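Some notes on the structure that comes next.
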Amino acid sequence: MSQRIFLVLFFVTCFVFSQEKNNNDFFVDANYFYGTILRHNKDISHLIKNHPDGYIIGFNKKTFGSQLWQQEYNYPDWGFSFLYHNPHYEILGENYGLYGHFNFYFFRRNLFLRVAQGLTYNTNPFDIDTNFKNNAYGSHILSSTYLMLNYNKQNIFKNFGVQAGITLMHYSNGNFTAPNSSTNTFTVNLGVQYSFEDEVAKNYISDASAENFSEPIKYNFVFRGGLNESDYLNLGQHPFFVVSAFVDKRLSYKNTLQIGTDFFYLPFLKKETEYLSIAFPSFGVKGDEDYKRVGVFAGHELRISDLAVVSQVGYYVYYPYDFEGRIYFRAGLKYYLTNKIFSAVTLKSHGAKVEGVEFGVGVRL
């Protein structure tokens, strides 16, 4: 059944786009994948029973250098994709995802890396009464990322082309609800594509330069917040807040370095310490430990037009309760609404252990 849906969606898309004569800078692709769920966490070993498969359908808009960021990144595509993932194990359920993505090209555009971020609907998440074995997904809605590295040969026959490669998929709810062991799936994929532009029609612009691009040191203030839950069940969801202050230096059009400090207000830790002090007195937790933290961090920001990919590593200098270690990581996306105001969605973790998804707004002065 899923294979029929896959074919119908792909060919209907080709037909619809082919009617739009002015949309000759689009192409669609469809990939079938087959692979395995990786054992990144021993807690999900009981969920890895069969080899998952599924398909990815992408809608892509080509760029030709009309903006500086397009030239700097070798004329990437941007677009949207739909992903169907079937682990062939009813406890895990099936995943249906929608994503935004970029395709970055290498080796004379014969190889591309797709970076995609979106949301997935899982059909059978954890339920204490009906599905207690699914400790990977604690909710129907999951955050999802997939990376696709494909050999790509366009316009082989009448605007049809082929592609093949590997894909890595990640599913997690960001500890919005427990449990949240998450999954990572490694697959091989094979696909076809249809372009609405003839090969001879490509005209790339290369008249701009960002070689001497730089900015002075800027001061940043960010307020982040969200909901998360302890890994111990039935302790409830709690709001958390993070206030950050940092300086950054934009070294080039693409690269910015950061250094700063975070203040964390984490009520879920308060509930966890109270619970442990009663349920597991041998752990040595008193129950009155401070649930606030202070950290220092260094980071990097990769700018893609008004969008930025953020990566940071931090260390807690105030750490009253031992939870997953002193080192923490933050990764995510920022969008510059203006030169001074930005929004952000980031994922904070301790290694492979996610603590929460942070939604933020900030100012850069």
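If you're wondering about the labels, chains in the structure tokens are A, B, ... by order shown, residues count from 1 in each chain, ligands from 1 in order shown.
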(message) If you run DSSP on the backbone here, which positions in stretch 88-329 of chain A get helix (DSSP H, G or I)? Please write them as a PyMOL selection string.
(response) chain A and resi 199-201+267-279+281-283
Any chance you could export the current selection's all heavy atoms as a short mmCIF file (atom, residue, chain, number, x, y, z; two decimals), in the first residue's frame?
```cif
data_model
loop_
_atom_site.label_atom_id
_atom_site.label_comp_id
_atom_site.auth_asym_id
_atom_site.auth_seq_id
_atom_site.Cartn_x
_atom_site.Cartn_y
_atom_site.Cartn_z
N GLU A 199 18.79 21.19 -19.19
CA GLU A 199 20.18 21.34 -18.77
C GLU A 199 20.83 22.56 -19.40
O GLU A 199 21.61 23.27 -18.76
CB GLU A 199 20.95 20.07 -19.17
CG GLU A 199 22.41 20.05 -18.75
CD GLU A 199 22.56 19.82 -17.26
OE1 GLU A 199 21.62 19.32 -16.64
OE2 GLU A 199 23.64 20.16 -16.73
N VAL A 200 20.51 22.88 -20.64
CA VAL A 200 21.16 23.98 -21.34
C VAL A 200 20.68 25.33 -20.85
O VAL A 200 21.26 26.36 -21.18
CB VAL A 200 20.90 23.86 -22.86
CG1 VAL A 200 21.54 22.59 -23.41
CG2 VAL A 200 19.40 23.88 -23.15
N ALA A 201 19.62 25.38 -20.05
CA ALA A 201 19.03 26.65 -19.63
C ALA A 201 19.69 27.23 -18.39
O ALA A 201 19.34 28.31 -17.95
CB ALA A 201 17.54 26.48 -19.38
N PRO A 267 12.82 23.82 36.79
CA PRO A 267 11.97 23.23 37.84
C PRO A 267 11.84 21.72 37.76
O PRO A 267 11.56 21.08 38.78
CB PRO A 267 10.62 23.91 37.60
CG PRO A 267 10.95 25.19 36.91
CD PRO A 267 12.12 24.88 36.05
N PHE A 268 12.04 21.11 36.58
CA PHE A 268 11.92 19.65 36.51
C PHE A 268 12.97 18.98 37.40
O PHE A 268 12.75 17.87 37.91
CB PHE A 268 12.02 19.17 35.06
CG PHE A 268 13.42 18.96 34.55
CD1 PHE A 268 14.00 17.69 34.58
CD2 PHE A 268 14.17 20.01 34.05
CE1 PHE A 268 15.29 17.48 34.12
CE2 PHE A 268 15.44 19.82 33.58
CZ PHE A 268 16.01 18.54 33.61
N LEU A 269 14.12 19.64 37.60
CA LEU A 269 15.13 19.08 38.50
C LEU A 269 14.68 19.10 39.95
O LEU A 269 15.03 18.23 40.74
CB LEU A 269 16.45 19.85 38.35
CG LEU A 269 17.21 19.67 37.04
CD1 LEU A 269 18.48 20.50 37.07
CD2 LEU A 269 17.54 18.20 36.80
N LYS A 270 13.89 20.11 40.31
CA LYS A 270 13.35 20.19 41.66
C LYS A 270 12.45 18.99 41.94
O LYS A 270 12.56 18.33 42.99
CB LYS A 270 12.57 21.49 41.84
CG LYS A 270 11.96 21.69 43.24
CD LYS A 270 11.32 23.08 43.31
CE LYS A 270 10.80 23.38 44.72
NZ LYS A 270 9.64 22.56 45.07
N LYS A 271 11.58 18.68 40.98
CA LYS A 271 10.69 17.53 41.14
C LYS A 271 11.48 16.22 41.17
O LYS A 271 11.15 15.30 41.91
CB LYS A 271 9.67 17.51 40.01
CG LYS A 271 8.64 18.62 40.09
CD LYS A 271 7.75 18.44 41.31
CE LYS A 271 6.67 19.50 41.38
NZ LYS A 271 5.82 19.35 42.58
N GLU A 272 12.52 16.16 40.36
CA GLU A 272 13.32 14.93 40.31
C GLU A 272 14.05 14.70 41.63
O GLU A 272 14.08 13.58 42.15
CB GLU A 272 14.31 15.00 39.16
CG GLU A 272 15.16 13.74 39.03
CD GLU A 272 15.98 13.71 37.77
OE1 GLU A 272 15.41 13.91 36.68
OE2 GLU A 272 17.20 13.47 37.87
N THR A 273 14.67 15.73 42.18
CA THR A 273 15.41 15.55 43.45
C THR A 273 14.46 15.21 44.59
O THR A 273 14.80 14.39 45.46
CB THR A 273 16.21 16.82 43.78
OG1 THR A 273 15.33 17.96 43.82
CG2 THR A 273 17.30 17.06 42.74
N GLU A 274 13.29 15.83 44.62
CA GLU A 274 12.31 15.50 45.66
C GLU A 274 11.89 14.04 45.56
O GLU A 274 11.77 13.34 46.58
CB GLU A 274 11.09 16.42 45.54
CG GLU A 274 11.38 17.87 45.90
CD GLU A 274 10.18 18.77 45.64
OE1 GLU A 274 9.21 18.29 45.00
OE2 GLU A 274 10.21 19.94 46.06
N TYR A 275 11.67 13.57 44.34
CA TYR A 275 11.26 12.19 44.13
C TYR A 275 12.37 11.22 44.53
O TYR A 275 12.13 10.22 45.24
CB TYR A 275 10.89 11.99 42.66
CG TYR A 275 10.70 10.55 42.25
CD1 TYR A 275 9.56 9.84 42.63
CD2 TYR A 275 11.67 9.90 41.49
CE1 TYR A 275 9.40 8.51 42.25
CE2 TYR A 275 11.52 8.58 41.11
CZ TYR A 275 10.37 7.88 41.50
OH TYR A 275 10.22 6.58 41.13
N LEU A 276 13.59 11.48 44.10
CA LEU A 276 14.71 10.57 44.40
C LEU A 276 15.00 10.51 45.89
O LEU A 276 15.39 9.45 46.41
CB LEU A 276 15.95 11.01 43.63
CG LEU A 276 15.90 10.85 42.11
CD1 LEU A 276 17.17 11.39 41.47
CD2 LEU A 276 15.69 9.40 41.72
N SER A 277 14.86 11.64 46.58
CA SER A 277 15.16 11.64 48.02
C SER A 277 14.22 10.72 48.79
O SER A 277 14.58 10.18 49.84
CB SER A 277 15.05 13.07 48.57
OG SER A 277 13.71 13.53 48.53
N ILE A 278 13.01 10.52 48.26
CA ILE A 278 12.03 9.65 48.91
C ILE A 278 12.07 8.22 48.38
O ILE A 278 12.10 7.25 49.14
CB ILE A 278 10.61 10.23 48.74
CG1 ILE A 278 10.53 11.62 49.40
CG2 ILE A 278 9.56 9.31 49.32
CD1 ILE A 278 9.24 12.36 49.09
N ALA A 279 12.10 8.09 47.04
CA ALA A 279 12.02 6.77 46.42
C ALA A 279 13.34 6.00 46.46
O ALA A 279 13.34 4.77 46.55
CB ALA A 279 11.55 6.91 44.97
N PRO A 281 16.52 6.61 48.61
CA PRO A 281 17.38 7.30 49.59
C PRO A 281 18.84 6.91 49.50
O PRO A 281 19.72 7.68 49.91
CB PRO A 281 16.77 6.89 50.93
CG PRO A 281 15.98 5.65 50.65
CD PRO A 281 15.47 5.79 49.26
N SER A 282 19.13 5.74 48.94
CA SER A 282 20.52 5.30 48.83
C SER A 282 21.30 6.13 47.81
O SER A 282 22.54 6.07 47.79
CB SER A 282 20.58 3.82 48.43
OG SER A 282 19.96 3.62 47.17
N PHE A 283 20.60 6.91 46.96
CA PHE A 283 21.28 7.74 45.96
C PHE A 283 21.97 8.94 46.61
O PHE A 283 22.77 9.61 45.97
CB PHE A 283 20.29 8.23 44.90
CG PHE A 283 19.86 7.19 43.92
CD1 PHE A 283 20.21 5.86 44.07
CD2 PHE A 283 19.10 7.54 42.81
CE1 PHE A 283 19.81 4.89 43.17
CE2 PHE A 283 18.70 6.58 41.89
CZ PHE A 283 19.05 5.25 42.07
#
```
(request) Name all residues at most 7 Å from A:Val162 (count only C-alpha atoms; drop same-chain ones fewer than 3 positions away) and give them as a PyMOL selection string. (result) chain A and resi 152-154+191-193
(request) Tell me which protein, DNA and RNA residues are within 6 Å of stretch 107-114 of chain A, counting only C-alpha atoms, leaving out same-chain ones fewer than 4 positions away, and put them as number ranges by chain. (result) A: 102-103, 147-152
Deliver the residues from the most recent selection as a file, using N, CA, C and O atoms, as a short mmCIF file (atom, residue, chain, number, x, y, z; two decimals), in the first residue's frame.
```cif
data_model
loop_
_atom_site.label_atom_id
_atom_site.label_comp_id
_atom_site.auth_asym_id
_atom_site.auth_seq_id
_atom_site.Cartn_x
_atom_site.Cartn_y
_atom_site.Cartn_z
N PHE A 102 17.70 22.04 2.64
CA PHE A 102 18.64 22.58 1.67
C PHE A 102 19.41 21.43 1.05
O PHE A 102 19.75 20.45 1.73
N ASN A 103 19.74 21.55 -0.24
CA ASN A 103 20.65 20.63 -0.93
C ASN A 103 21.93 21.39 -1.25
O ASN A 103 21.89 22.38 -2.00
N LEU A 147 19.70 13.58 7.24
CA LEU A 147 20.82 13.97 6.39
C LEU A 147 20.91 12.97 5.25
O LEU A 147 20.99 11.75 5.50
N MET A 148 20.92 13.46 4.02
CA MET A 148 20.97 12.59 2.85
C MET A 148 22.18 12.96 1.99
O MET A 148 22.32 14.11 1.58
N LEU A 149 23.06 12.00 1.75
CA LEU A 149 24.21 12.19 0.88
C LEU A 149 24.00 11.34 -0.36
O LEU A 149 24.03 10.11 -0.28
N ASN A 150 23.81 12.00 -1.51
CA ASN A 150 23.44 11.29 -2.72
C ASN A 150 24.34 11.62 -3.90
O ASN A 150 24.70 12.80 -4.11
N TYR A 151 24.70 10.59 -4.67
CA TYR A 151 25.21 10.81 -6.02
C TYR A 151 24.02 11.18 -6.88
O TYR A 151 22.96 10.55 -6.82
N ASN A 152 24.20 12.19 -7.72
CA ASN A 152 23.07 12.81 -8.40
C ASN A 152 23.41 13.04 -9.87
O ASN A 152 24.42 13.67 -10.20
#
```
(request) Go through A:Ala210, A:Leu119, A:Val247, A:Ala344 one by one, measure the shortest atom-to-atom distance of each to A:Asn173 using only C-alpha atoms, and give the residue with the smallest value. (result) A:Leu119
(request) Have a look at atom CA of A:Phe160 and atom CA of A:Gln70 and let me know their distance in Å, one decimal. (result)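 For atom CA of A:Phe160 relative to atom CA of A:Gln70, the distance reads 24.5 Å.
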(message) Please compute the atom CA of A:Asp207-atom CA of A:Trp78 distance, one decimal, in Å.
(response)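 Computing it gives 21.3 Å between the two atoms.
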